[in-house]
>>> print(open('work.cif').read())   # mmCIF, N, CA and C atoms
data_entry
loop_
_atom_site.label_atom_id
_atom_site.label_comp_id
_atom_site.auth_asym_id
_atom_site.auth_seq_id
_atom_site.Cartn_x
_atom_site.Cartn_y
_atom_site.Cartn_z
N MET A 1 29.97 -0.91 14.57
CA MET A 1 29.62 0.42 15.04
C MET A 1 28.99 0.32 16.42
N SER A 2 29.50 1.07 17.34
CA SER A 2 28.88 1.10 18.66
C SER A 2 28.00 2.35 18.76
N VAL A 3 26.91 2.20 19.46
CA VAL A 3 25.97 3.29 19.62
C VAL A 3 26.17 3.89 21.00
N THR A 4 26.36 5.20 21.04
CA THR A 4 26.59 5.86 22.33
C THR A 4 25.37 6.61 22.83
N GLU A 5 24.37 6.76 21.99
CA GLU A 5 23.14 7.41 22.40
C GLU A 5 21.98 6.76 21.66
N VAL A 6 20.78 6.95 22.17
CA VAL A 6 19.60 6.39 21.53
C VAL A 6 19.29 7.22 20.28
N GLN A 7 19.05 6.53 19.17
CA GLN A 7 18.73 7.20 17.91
C GLN A 7 17.57 6.47 17.25
N LEU A 8 16.75 7.23 16.55
CA LEU A 8 15.71 6.61 15.74
C LEU A 8 16.37 6.05 14.49
N ASN A 9 16.11 4.79 14.16
CA ASN A 9 16.70 4.14 12.99
C ASN A 9 15.70 4.08 11.84
N HIS A 10 14.45 3.73 12.12
CA HIS A 10 13.41 3.67 11.10
C HIS A 10 12.05 3.70 11.77
N THR A 11 11.07 4.02 10.99
CA THR A 11 9.69 3.92 11.47
C THR A 11 8.85 3.43 10.31
N VAL A 12 7.82 2.69 10.64
CA VAL A 12 6.93 2.14 9.62
C VAL A 12 5.79 3.14 9.37
N VAL A 13 5.54 3.41 8.11
CA VAL A 13 4.45 4.28 7.70
C VAL A 13 3.44 3.40 6.96
N HIS A 14 2.26 3.26 7.52
CA HIS A 14 1.22 2.44 6.89
C HIS A 14 0.61 3.21 5.72
N ALA A 15 0.37 2.50 4.63
CA ALA A 15 -0.15 3.11 3.42
C ALA A 15 -1.07 2.14 2.70
N THR A 16 -2.02 2.68 1.97
CA THR A 16 -2.88 1.81 1.15
C THR A 16 -2.13 1.39 -0.12
N ASP A 17 -1.16 2.20 -0.55
CA ASP A 17 -0.32 1.88 -1.70
C ASP A 17 1.09 2.36 -1.37
N ARG A 18 1.95 1.43 -0.97
CA ARG A 18 3.28 1.81 -0.49
C ARG A 18 4.09 2.54 -1.56
N GLN A 19 3.96 2.13 -2.81
CA GLN A 19 4.71 2.76 -3.90
C GLN A 19 4.28 4.21 -4.08
N LEU A 20 2.98 4.43 -4.15
CA LEU A 20 2.45 5.78 -4.31
C LEU A 20 2.88 6.68 -3.16
N SER A 21 2.74 6.21 -1.94
CA SER A 21 3.05 7.03 -0.77
C SER A 21 4.54 7.30 -0.62
N ALA A 22 5.36 6.29 -0.87
CA ALA A 22 6.82 6.48 -0.79
C ALA A 22 7.28 7.45 -1.87
N GLU A 23 6.76 7.30 -3.07
CA GLU A 23 7.14 8.20 -4.16
C GLU A 23 6.65 9.62 -3.87
N PHE A 24 5.48 9.75 -3.28
CA PHE A 24 4.94 11.08 -2.96
C PHE A 24 5.89 11.84 -2.04
N ILE A 25 6.24 11.23 -0.90
CA ILE A 25 7.09 11.98 0.05
C ILE A 25 8.49 12.16 -0.52
N ALA A 26 8.98 11.18 -1.28
CA ALA A 26 10.30 11.32 -1.90
C ALA A 26 10.32 12.49 -2.87
N VAL A 27 9.28 12.63 -3.68
CA VAL A 27 9.22 13.75 -4.62
C VAL A 27 9.20 15.08 -3.87
N VAL A 28 8.36 15.19 -2.87
CA VAL A 28 8.26 16.46 -2.13
C VAL A 28 9.60 16.81 -1.48
N LEU A 29 10.26 15.83 -0.88
CA LEU A 29 11.52 16.10 -0.17
C LEU A 29 12.74 16.12 -1.08
N GLY A 30 12.56 15.78 -2.36
CA GLY A 30 13.69 15.75 -3.28
C GLY A 30 14.58 14.53 -3.08
N LEU A 31 13.95 13.39 -2.74
CA LEU A 31 14.65 12.14 -2.49
C LEU A 31 14.16 11.08 -3.47
N LYS A 32 14.64 9.85 -3.30
CA LYS A 32 14.17 8.71 -4.11
C LYS A 32 13.87 7.55 -3.17
N PRO A 33 12.80 6.80 -3.46
CA PRO A 33 12.56 5.59 -2.67
C PRO A 33 13.69 4.59 -2.92
N GLY A 34 13.96 3.78 -1.91
CA GLY A 34 14.97 2.75 -2.05
C GLY A 34 14.39 1.48 -2.64
N ALA A 35 15.20 0.44 -2.64
CA ALA A 35 14.74 -0.87 -3.11
C ALA A 35 13.86 -1.51 -2.05
N PRO A 36 12.84 -2.27 -2.48
CA PRO A 36 12.00 -2.96 -1.49
C PRO A 36 12.84 -3.82 -0.55
N PHE A 37 12.43 -3.85 0.69
CA PHE A 37 13.09 -4.62 1.74
C PHE A 37 12.00 -5.41 2.44
N GLY A 38 11.84 -6.68 2.05
CA GLY A 38 10.72 -7.47 2.56
C GLY A 38 9.42 -6.78 2.16
N PRO A 39 8.50 -6.60 3.12
CA PRO A 39 7.23 -5.94 2.78
C PRO A 39 7.31 -4.41 2.77
N PHE A 40 8.51 -3.87 2.97
CA PHE A 40 8.68 -2.43 3.13
C PHE A 40 9.31 -1.78 1.89
N LEU A 41 8.95 -0.53 1.67
CA LEU A 41 9.59 0.29 0.66
C LEU A 41 10.17 1.50 1.39
N PRO A 42 11.50 1.52 1.57
CA PRO A 42 12.10 2.58 2.38
C PRO A 42 12.36 3.87 1.62
N VAL A 43 12.29 4.96 2.35
CA VAL A 43 12.76 6.25 1.88
C VAL A 43 13.81 6.68 2.89
N ASP A 44 15.06 6.75 2.43
CA ASP A 44 16.18 7.13 3.28
C ASP A 44 16.21 8.64 3.42
N LEU A 45 16.15 9.12 4.66
CA LEU A 45 16.12 10.55 4.90
C LEU A 45 17.51 11.17 4.97
N GLY A 46 18.55 10.36 4.90
CA GLY A 46 19.90 10.90 4.85
C GLY A 46 20.57 11.09 6.19
N ASN A 47 19.88 10.82 7.27
CA ASN A 47 20.47 10.93 8.60
C ASN A 47 20.41 9.59 9.33
N ASN A 48 20.57 8.52 8.55
CA ASN A 48 20.51 7.15 9.06
C ASN A 48 19.13 6.76 9.58
N VAL A 49 18.10 7.44 9.10
CA VAL A 49 16.72 7.13 9.44
C VAL A 49 15.97 6.85 8.14
N THR A 50 15.15 5.81 8.14
CA THR A 50 14.30 5.54 6.99
C THR A 50 12.84 5.55 7.39
N LEU A 51 12.01 5.98 6.44
CA LEU A 51 10.58 5.77 6.54
C LEU A 51 10.33 4.48 5.77
N ASP A 52 9.85 3.46 6.43
CA ASP A 52 9.61 2.17 5.79
C ASP A 52 8.12 2.04 5.50
N TYR A 53 7.76 2.29 4.24
CA TYR A 53 6.35 2.24 3.84
C TYR A 53 5.89 0.79 3.76
N TYR A 54 4.77 0.53 4.43
CA TYR A 54 4.19 -0.80 4.51
C TYR A 54 2.77 -0.73 3.98
N GLU A 55 2.48 -1.57 3.00
CA GLU A 55 1.15 -1.58 2.39
C GLU A 55 0.20 -2.38 3.26
N GLN A 56 -0.77 -1.70 3.83
CA GLN A 56 -1.76 -2.32 4.70
C GLN A 56 -2.88 -2.86 3.83
N ARG A 57 -3.02 -4.17 3.79
CA ARG A 57 -3.98 -4.80 2.88
C ARG A 57 -5.15 -5.48 3.58
N ASP A 58 -5.27 -5.30 4.87
CA ASP A 58 -6.30 -6.03 5.61
C ASP A 58 -7.66 -5.34 5.62
N GLY A 59 -7.79 -4.23 4.90
CA GLY A 59 -9.06 -3.52 4.85
C GLY A 59 -9.26 -2.53 5.98
N GLU A 60 -8.38 -2.56 6.97
CA GLU A 60 -8.46 -1.61 8.07
C GLU A 60 -8.13 -0.21 7.56
N ALA A 61 -8.80 0.78 8.09
CA ALA A 61 -8.52 2.16 7.72
C ALA A 61 -7.12 2.55 8.23
N ILE A 62 -6.44 3.36 7.46
CA ILE A 62 -5.13 3.86 7.88
C ILE A 62 -5.35 4.90 8.97
N GLN A 63 -4.66 4.75 10.08
CA GLN A 63 -4.74 5.74 11.16
C GLN A 63 -3.73 6.84 10.86
N PRO A 64 -4.17 8.05 10.52
CA PRO A 64 -3.22 9.11 10.19
C PRO A 64 -2.29 9.44 11.35
N GLN A 65 -1.04 9.65 11.00
CA GLN A 65 0.01 10.01 11.96
C GLN A 65 0.61 11.34 11.52
N HIS A 66 1.47 11.88 12.36
CA HIS A 66 2.17 13.13 12.04
C HIS A 66 3.65 12.81 11.89
N TYR A 67 4.24 13.30 10.80
CA TYR A 67 5.67 13.14 10.54
C TYR A 67 6.24 14.51 10.25
N ALA A 68 7.26 14.92 11.00
CA ALA A 68 7.87 16.24 10.83
C ALA A 68 9.30 16.06 10.32
N PHE A 69 9.65 16.85 9.30
CA PHE A 69 10.96 16.77 8.67
C PHE A 69 11.69 18.09 8.83
N LEU A 70 12.84 18.05 9.45
CA LEU A 70 13.70 19.22 9.54
C LEU A 70 14.48 19.27 8.23
N VAL A 71 14.26 20.33 7.46
CA VAL A 71 14.83 20.42 6.11
C VAL A 71 15.76 21.63 6.02
N PRO A 72 16.75 21.57 5.13
CA PRO A 72 17.63 22.73 4.94
C PRO A 72 16.84 23.94 4.43
N ASP A 73 17.15 25.09 4.97
CA ASP A 73 16.45 26.30 4.57
C ASP A 73 16.55 26.55 3.07
N ASP A 74 17.71 26.24 2.49
CA ASP A 74 17.89 26.51 1.06
C ASP A 74 17.15 25.52 0.16
N ARG A 75 16.51 24.51 0.73
CA ARG A 75 15.72 23.56 -0.06
C ARG A 75 14.21 23.70 0.18
N PHE A 76 13.85 24.53 1.15
CA PHE A 76 12.44 24.68 1.53
C PHE A 76 11.59 25.19 0.36
N ASP A 77 12.04 26.25 -0.31
CA ASP A 77 11.26 26.81 -1.42
C ASP A 77 11.03 25.79 -2.53
N ALA A 78 12.03 24.96 -2.80
CA ALA A 78 11.88 23.93 -3.83
C ALA A 78 10.81 22.91 -3.41
N MET A 79 10.75 22.60 -2.13
CA MET A 79 9.74 21.65 -1.65
C MET A 79 8.34 22.24 -1.79
N ILE A 80 8.21 23.51 -1.45
CA ILE A 80 6.91 24.19 -1.63
C ILE A 80 6.56 24.20 -3.12
N GLY A 81 7.54 24.46 -3.96
CA GLY A 81 7.32 24.44 -5.41
C GLY A 81 6.87 23.09 -5.91
N ARG A 82 7.45 22.01 -5.35
CA ARG A 82 7.03 20.67 -5.78
C ARG A 82 5.61 20.37 -5.31
N LEU A 83 5.23 20.84 -4.11
CA LEU A 83 3.84 20.68 -3.67
C LEU A 83 2.90 21.41 -4.62
N ASP A 84 3.26 22.63 -4.99
CA ASP A 84 2.44 23.37 -5.96
C ASP A 84 2.35 22.62 -7.29
N ALA A 85 3.48 22.09 -7.75
CA ALA A 85 3.52 21.41 -9.05
C ALA A 85 2.63 20.18 -9.10
N ILE A 86 2.48 19.50 -7.97
CA ILE A 86 1.63 18.30 -7.94
C ILE A 86 0.25 18.61 -7.36
N ALA A 87 -0.06 19.91 -7.23
CA ALA A 87 -1.38 20.38 -6.78
C ALA A 87 -1.77 19.86 -5.40
N VAL A 88 -0.80 19.88 -4.47
CA VAL A 88 -1.07 19.51 -3.09
C VAL A 88 -1.06 20.81 -2.26
N THR A 89 -2.16 21.06 -1.58
CA THR A 89 -2.28 22.25 -0.77
C THR A 89 -1.44 22.11 0.49
N TYR A 90 -0.70 23.14 0.81
CA TYR A 90 0.05 23.19 2.07
C TYR A 90 -0.58 24.26 2.95
N TYR A 91 -0.28 24.16 4.23
CA TYR A 91 -0.93 25.01 5.23
C TYR A 91 0.12 25.52 6.22
N ALA A 92 -0.19 26.65 6.85
CA ALA A 92 0.70 27.22 7.85
C ALA A 92 0.52 26.54 9.21
N ASP A 93 -0.55 25.79 9.37
CA ASP A 93 -0.88 25.25 10.68
C ASP A 93 -1.21 23.76 10.60
N PRO A 94 -1.05 23.04 11.72
CA PRO A 94 -1.29 21.59 11.70
C PRO A 94 -2.75 21.20 11.52
N ASN A 95 -3.67 22.13 11.77
CA ASN A 95 -5.10 21.83 11.60
C ASN A 95 -5.59 22.13 10.19
N HIS A 96 -4.67 22.56 9.33
CA HIS A 96 -4.97 22.82 7.92
C HIS A 96 -6.08 23.86 7.75
N THR A 97 -5.97 24.98 8.46
CA THR A 97 -6.96 26.05 8.33
C THR A 97 -6.41 27.27 7.60
N GLU A 98 -5.12 27.29 7.30
CA GLU A 98 -4.49 28.43 6.63
C GLU A 98 -3.84 27.96 5.32
N PRO A 99 -4.67 27.68 4.29
CA PRO A 99 -4.14 27.13 3.04
C PRO A 99 -3.25 28.11 2.28
N GLY A 100 -2.23 27.53 1.62
CA GLY A 100 -1.34 28.31 0.77
C GLY A 100 -0.42 29.25 1.52
N ARG A 101 -0.30 29.05 2.81
CA ARG A 101 0.56 29.90 3.63
C ARG A 101 1.58 29.05 4.36
N ILE A 102 2.70 29.65 4.72
CA ILE A 102 3.71 28.98 5.54
C ILE A 102 3.74 29.68 6.89
N ASN A 103 4.38 29.04 7.88
CA ASN A 103 4.56 29.68 9.18
C ASN A 103 6.02 30.11 9.32
N ARG A 104 6.28 30.88 10.32
CA ARG A 104 7.64 31.36 10.60
C ARG A 104 7.99 31.10 12.06
N LEU A 105 7.70 29.89 12.49
CA LEU A 105 7.94 29.52 13.89
C LEU A 105 9.43 29.40 14.19
N PHE A 106 9.82 29.87 15.35
CA PHE A 106 11.18 29.71 15.89
C PHE A 106 12.25 30.28 14.96
N GLY A 107 11.88 31.31 14.18
CA GLY A 107 12.84 31.95 13.30
C GLY A 107 13.07 31.21 11.99
N GLY A 108 12.27 30.20 11.72
CA GLY A 108 12.41 29.44 10.47
C GLY A 108 11.14 29.52 9.65
N ARG A 109 10.99 28.57 8.76
CA ARG A 109 9.78 28.48 7.94
C ARG A 109 9.25 27.06 8.01
N GLY A 110 7.94 26.93 7.91
CA GLY A 110 7.35 25.60 7.98
C GLY A 110 6.02 25.53 7.26
N ALA A 111 5.61 24.32 6.94
CA ALA A 111 4.33 24.07 6.29
C ALA A 111 3.89 22.64 6.57
N TYR A 112 2.59 22.44 6.51
CA TYR A 112 1.96 21.14 6.70
C TYR A 112 1.20 20.76 5.44
N PHE A 113 1.12 19.46 5.18
CA PHE A 113 0.37 18.96 4.03
C PHE A 113 0.01 17.51 4.29
N ALA A 114 -1.01 17.04 3.60
CA ALA A 114 -1.45 15.66 3.77
C ALA A 114 -0.84 14.79 2.68
N ASP A 115 -0.47 13.56 3.05
CA ASP A 115 0.01 12.60 2.05
C ASP A 115 -1.21 11.84 1.51
N PRO A 116 -1.03 10.91 0.57
CA PRO A 116 -2.18 10.22 -0.03
C PRO A 116 -3.08 9.48 0.96
N ASP A 117 -2.57 9.11 2.14
CA ASP A 117 -3.39 8.41 3.13
C ASP A 117 -3.82 9.30 4.28
N GLY A 118 -3.58 10.61 4.15
CA GLY A 118 -4.02 11.54 5.19
C GLY A 118 -3.05 11.74 6.32
N HIS A 119 -1.82 11.18 6.22
CA HIS A 119 -0.81 11.47 7.24
C HIS A 119 -0.50 12.96 7.16
N ASN A 120 -0.36 13.60 8.32
CA ASN A 120 -0.09 15.03 8.39
C ASN A 120 1.42 15.23 8.36
N MET A 121 1.93 15.62 7.20
CA MET A 121 3.36 15.81 7.01
C MET A 121 3.72 17.27 7.29
N GLU A 122 4.90 17.47 7.84
CA GLU A 122 5.37 18.82 8.15
C GLU A 122 6.80 18.97 7.66
N ILE A 123 7.08 20.09 7.02
CA ILE A 123 8.46 20.46 6.71
C ILE A 123 8.76 21.73 7.48
N MET A 124 9.94 21.79 8.09
CA MET A 124 10.31 22.96 8.87
C MET A 124 11.82 23.17 8.78
N THR A 125 12.22 24.42 8.83
CA THR A 125 13.64 24.73 8.69
C THR A 125 14.34 24.96 10.03
N ARG A 126 13.60 25.07 11.10
CA ARG A 126 14.17 25.20 12.45
C ARG A 126 13.44 24.25 13.38
N PRO A 127 14.18 23.57 14.26
CA PRO A 127 13.49 22.70 15.21
C PRO A 127 12.70 23.53 16.22
N TYR A 128 11.72 22.90 16.82
CA TYR A 128 10.94 23.56 17.84
C TYR A 128 11.83 23.92 19.02
N ALA A 129 11.62 25.09 19.58
CA ALA A 129 12.34 25.51 20.78
C ALA A 129 11.60 24.89 21.96
N ARG A 130 12.25 23.99 22.63
CA ARG A 130 11.62 23.28 23.76
C ARG A 130 12.12 23.87 25.08
N PRO A 131 11.22 23.94 26.05
CA PRO A 131 11.63 24.49 27.36
C PRO A 131 12.65 23.61 28.06
#
>>> encode(input="work.cif", output="structure tokens")
Amino acid sequence: MSVTEVQLNHTVVHATDRQLSAEFIAVVLGLKPGAPFGPFLPVDLGNNVTLDYYEQRDGEAIQPQHYAFLVPDDRFDAMIGRLDAIAVTYYADPNHTEPGRINRLFGGRGAYFADPDGHNMEIMTRPYARP
């Protein structure tokens, strides 16, 4: 396969428990974690990109990051339902000040929520309109 443009292939997500964190995001997104690959537990996002969960065992605190997922509009409500089912609060804003609400940015719908290590996860049905 030849690559004609730059694409993101994978990114490492640091976690205190890779299994817990990979299963968490997989459940919310309606996916399944893959088989372990070395020290990583991948979650395939379906667009040739994986989140490779890495268990950080050195005692260092996890530095929270932001991960945004462009999701199909017809699956958004199910994702919100799964967050409700596992008692995870979602927010309309990235600062988590509007609990239990979604946003309607750029003609779509979106929400933010924290994963088990405090990573700020976002689901959105429309990409950001960039200048």
>>> resolve_selection(input="work.cif", expression="the PyMOL selection byres ((chain A and resi 1-18) around 6.5)", output="NGL selection string")
:A and (19-23 or 41 or 48-56 or 62 or 117)
>>> write_last_selection(input="work.cif", atoms="N, CA and C atoms", output="JSON list (two decimals), keeping the file's coordinate frame")
[["chain", "number", "residue", "atom", "x", "y", "z"],
["A", 19, "GLN", "N", 3.96, 2.13, -2.81],
["A", 19, "GLN", "CA", 4.71, 2.76, -3.90],
["A", 19, "GLN", "C", 4.28, 4.21, -4.08],
["A", 20, "LEU", "N", 2.98, 4.43, -4.15],
["A", 20, "LEU", "CA", 2.45, 5.78, -4.31],
["A", 20, "LEU", "C", 2.88, 6.68, -3.16],
["A", 21, "SER", "N", 2.74, 6.21, -1.94],
["A", 21, "SER", "CA", 3.05, 7.03, -0.77],
["A", 21, "SER", "C", 4.54, 7.30, -0.62],
["A", 22, "ALA", "N", 5.36, 6.29, -0.87],
["A", 22, "ALA", "CA", 6.82, 6.48, -0.79],
["A", 22, "ALA", "C", 7.28, 7.45, -1.87],
["A", 23, "GLU", "N", 6.76, 7.30, -3.07],
["A", 23, "GLU", "CA", 7.14, 8.20, -4.16],
["A", 23, "GLU", "C", 6.65, 9.62, -3.87],
["A", 41, "LEU", "N", 8.95, -0.53, 1.67],
["A", 41, "LEU", "CA", 9.59, 0.29, 0.66],
["A", 41, "LEU", "C", 10.17, 1.50, 1.39],
["A", 48, "ASN", "N", 20.57, 8.52, 8.55],
["A", 48, "ASN", "CA", 20.51, 7.15, 9.06],
["A", 48, "ASN", "C", 19.13, 6.76, 9.58],
["A", 49, "VAL", "N", 18.10, 7.44, 9.10],
["A", 49, "VAL", "CA", 16.72, 7.13, 9.44],
["A", 49, "VAL", "C", 15.97, 6.85, 8.14],
["A", 50, "THR", "N", 15.15, 5.81, 8.14],
["A", 50, "THR", "CA", 14.30, 5.54, 6.99],
["A", 50, "THR", "C", 12.84, 5.55, 7.39],
["A", 51, "LEU", "N", 12.01, 5.98, 6.44],
["A", 51, "LEU", "CA", 10.58, 5.77, 6.54],
["A", 51, "LEU", "C", 10.33, 4.48, 5.77],
["A", 52, "ASP", "N", 9.85, 3.46, 6.43],
["A", 52, "ASP", "CA", 9.61, 2.17, 5.79],
["A", 52, "ASP", "C", 8.12, 2.04, 5.50],
["A", 53, "TYR", "N", 7.76, 2.29, 4.24],
["A", 53, "TYR", "CA", 6.35, 2.24, 3.84],
["A", 53, "TYR", "C", 5.89, 0.79, 3.76],
["A", 54, "TYR", "N", 4.77, 0.53, 4.43],
["A", 54, "TYR", "CA", 4.19, -0.80, 4.51],
["A", 54, "TYR", "C", 2.77, -0.73, 3.98],
["A", 55, "GLU", "N", 2.48, -1.57, 3.00],
["A", 55, "GLU", "CA", 1.15, -1.58, 2.39],
["A", 55, "GLU", "C", 0.20, -2.38, 3.26],
["A", 56, "GLN", "N", -0.77, -1.70, 3.83],
["A", 56, "GLN", "CA", -1.76, -2.32, 4.70],
["A", 56, "GLN", "C", -2.88, -2.86, 3.83],
["A", 62, "ILE", "N", -6.44, 3.36, 7.46],
["A", 62, "ILE", "CA", -5.13, 3.86, 7.88],
["A", 62, "ILE", "C", -5.35, 4.90, 8.97],
["A", 117, "ASP", "N", -2.57, 9.11, 2.14],
["A", 117, "ASP", "CA", -3.39, 8.41, 3.13],
["A", 117, "ASP", "C", -3.82, 9.30, 4.28]]
>>> atom_distance(input="work.cif", atom1="atom CA of A:Pro36", atom2="atom CA of A:Ala61")
23.1 Å
>>> residues_around(input="work.cif", residues="A:Val28", least_positions_apart="2", cutoff="6 Å", atoms="only C-alpha atoms", output="list in words")
Ile25, Ala26, Gly30, Met79 and Arg82 of chain A
>>> resolve_selection(input="work.cif", expression="the PyMOL selection byres (((chain A and resi 109 and name CA) around 8) and name CA)", output="list of chain:residue names")
A:Asp73, A:Phe76, A:Ile102, A:Asn103, A:Arg104, A:Leu105, A:Gly107, A:Gly108, A:Gly110, A:Ala111, A:Met124, A:Thr125, A:Arg126
>>> write_last_selection(input="work.cif", atoms="N, CA and C atoms", output="PDB file, in the coordinates of the input")
ATOM      1  N   ASP A  73      17.150  25.090   4.970  1.00  0.00           N
ATOM      2  CA  ASP A  73      16.450  26.300   4.570  1.00  0.00           C
ATOM      3  C   ASP A  73      16.550  26.550   3.070  1.00  0.00           C
ATOM      4  N   PHE A  76      13.850  24.530   1.150  1.00  0.00           N
ATOM      5  CA  PHE A  76      12.440  24.680   1.530  1.00  0.00           C
ATOM      6  C   PHE A  76      11.590  25.190   0.360  1.00  0.00           C
ATOM      7  N   ILE A 102       2.700  29.650   4.720  1.00  0.00           N
ATOM      8  CA  ILE A 102       3.710  28.980   5.540  1.00  0.00           C
ATOM      9  C   ILE A 102       3.740  29.680   6.890  1.00  0.00           C
ATOM     10  N   ASN A 103       4.380  29.040   7.880  1.00  0.00           N
ATOM     11  CA  ASN A 103       4.560  29.680   9.180  1.00  0.00           C
ATOM     12  C   ASN A 103       6.020  30.110   9.320  1.00  0.00           C
ATOM     13  N   ARG A 104       6.280  30.880  10.320  1.00  0.00           N
ATOM     14  CA  ARG A 104       7.640  31.360  10.600  1.00  0.00           C
ATOM     15  C   ARG A 104       7.990  31.100  12.060  1.00  0.00           C
ATOM     16  N   LEU A 105       7.700  29.890  12.490  1.00  0.00           N
ATOM     17  CA  LEU A 105       7.940  29.520  13.890  1.00  0.00           C
ATOM     18  C   LEU A 105       9.430  29.400  14.190  1.00  0.00           C
ATOM     19  N   GLY A 107      11.880  31.310  14.180  1.00  0.00           N
ATOM     20  CA  GLY A 107      12.840  31.950  13.300  1.00  0.00           C
ATOM     21  C   GLY A 107      13.070  31.210  11.990  1.00  0.00           C
ATOM     22  N   GLY A 108      12.270  30.200  11.720  1.00  0.00           N
ATOM     23  CA  GLY A 108      12.410  29.440  10.470  1.00  0.00           C
ATOM     24  C   GLY A 108      11.140  29.520   9.650  1.00  0.00           C
ATOM     25  N   GLY A 110       7.940  26.930   7.910  1.00  0.00           N
ATOM     26  CA  GLY A 110       7.350  25.600   7.980  1.00  0.00           C
ATOM     27  C   GLY A 110       6.020  25.530   7.260  1.00  0.00           C
ATOM     28  N   ALA A 111       5.610  24.320   6.940  1.00  0.00           N
ATOM     29  CA  ALA A 111       4.330  24.070   6.290  1.00  0.00           C
ATOM     30  C   ALA A 111       3.890  22.640   6.570  1.00  0.00           C
ATOM     31  N   MET A 124       9.940  21.790   8.090  1.00  0.00           N
ATOM     32  CA  MET A 124      10.310  22.960   8.870  1.00  0.00           C
ATOM     33  C   MET A 124      11.820  23.170   8.780  1.00  0.00           C
ATOM     34  N   THR A 125      12.220  24.420   8.830  1.00  0.00           N
ATOM     35  CA  THR A 125      13.640  24.730   8.690  1.00  0.00           C
ATOM     36  C   THR A 125      14.340  24.960  10.030  1.00  0.00           C
ATOM     37  N   ARG A 126      13.600  25.070  11.100  1.00  0.00           N
ATOM     38  CA  ARG A 126      14.170  25.200  12.450  1.00  0.00           C
ATOM     39  C   ARG A 126      13.440  24.250  13.380  1.00  0.00           C
TER      40      ARG A 126
END
>>> closest_residue(input="work.cif", among="A:Pro99, A:Pro116, A:Pro64, A:Gly81", to="A:Phe24", atoms="only N, CA and C atoms")
A:Pro116
>>> select_by_dssp(input="work.cif", residues="chain A", states="helix (DSSP H, G or I)", output="NGL selection string")
:A and (18-29 or 73-85 or 105-107)
>>> axis_aligned_box(input="work.cif", around="stretch 102-121 of chain A", padding_each_side="6 Å", output="JSON")
{"center_x": 4.5, "center_y": 20.2, "center_z": 7.9, "size_x": 29.1, "size_y": 35.5, "size_z": 27.9}
>>> resolve_selection(input="work.cif", expression="the PyMOL selection byres ((chain A and resi 119) around 8)", output="list in words")
Ile62, Gln63, Pro64, Gln65, His66, Tyr67, Phe113, Ala114, Asp115, Pro116, Asp117, Gly118, Asn120, Met121 and Glu122 of chain A
>>> atom_distance(input="work.cif", atom1="atom CA of A:Leu45", atom2="atom N of A:Leu31")
8.4 Å
>>> atom_distance(input="work.cif", atom1="atom N of A:Gly100", atom2="atom N of A:Ala85")
12.2 Å
>>> closest_residue(input="work.cif", among="A:Val43, A:Ile123, A:Ile80, A:Ile86", to="A:Ala68", atoms="only C-alpha atoms")
A:Ile123
>>> select_by_dssp(input="work.cif", residues="stretch 13-66 of chain A", states="strand (DSSP E or B)", output="list in words")
Val13, His14, Ala15, Pro33, Phe37, Phe40, Leu41, Pro42, Val43, Asp44, Thr50, Leu51, Asp52, Tyr53, Tyr54, Glu55 and His66 of chain A
>>> decode(input="work.cif", residues="stretch 71-82 of chain A", atoms="N, CA and C atoms", output="CSV table (one decimal), in the first residue's frame")
chain,number,residue,atom,x,y,z
A,71,VAL,N,-18.5,10.8,15.2
A,71,VAL,CA,-19.3,9.6,15.2
A,71,VAL,C,-20.5,9.8,14.3
A,72,PRO,N,-21.1,8.7,13.8
A,72,PRO,CA,-22.3,8.8,13.0
A,72,PRO,C,-23.4,9.4,13.8
A,73,ASP,N,-24.2,10.3,13.2
A,73,ASP,CA,-25.3,10.9,13.9
A,73,ASP,C,-26.3,9.8,14.4
A,74,ASP,N,-26.5,8.8,13.6
A,74,ASP,CA,-27.5,7.8,14.0
A,74,ASP,C,-27.0,6.9,15.2
A,75,ARG,N,-25.8,7.0,15.6
A,75,ARG,CA,-25.2,6.3,16.7
A,75,ARG,C,-25.0,7.1,18.0
A,76,PHE,N,-25.2,8.4,17.8
A,76,PHE,CA,-24.9,9.4,18.9
A,76,PHE,C,-25.8,9.1,20.1
A,77,ASP,N,-27.1,9.0,19.9
A,77,ASP,CA,-28.0,8.7,21.0
A,77,ASP,C,-27.7,7.5,21.8
A,78,ALA,N,-27.3,6.4,21.1
A,78,ALA,CA,-26.9,5.2,21.8
A,78,ALA,C,-25.7,5.4,22.6
A,79,MET,N,-24.7,6.2,22.2
A,79,MET,CA,-23.5,6.5,23.0
A,79,MET,C,-23.9,7.2,24.3
A,80,ILE,N,-24.8,8.2,24.1
A,80,ILE,CA,-25.3,9.0,25.3
A,80,ILE,C,-26.0,8.0,26.2
A,81,GLY,N,-26.8,7.1,25.7
A,81,GLY,CA,-27.5,6.1,26.5
A,81,GLY,C,-26.5,5.2,27.2
A,82,ARG,N,-25.4,4.8,26.6
A,82,ARG,CA,-24.4,4.0,27.3
A,82,ARG,C,-23.7,4.7,28.4
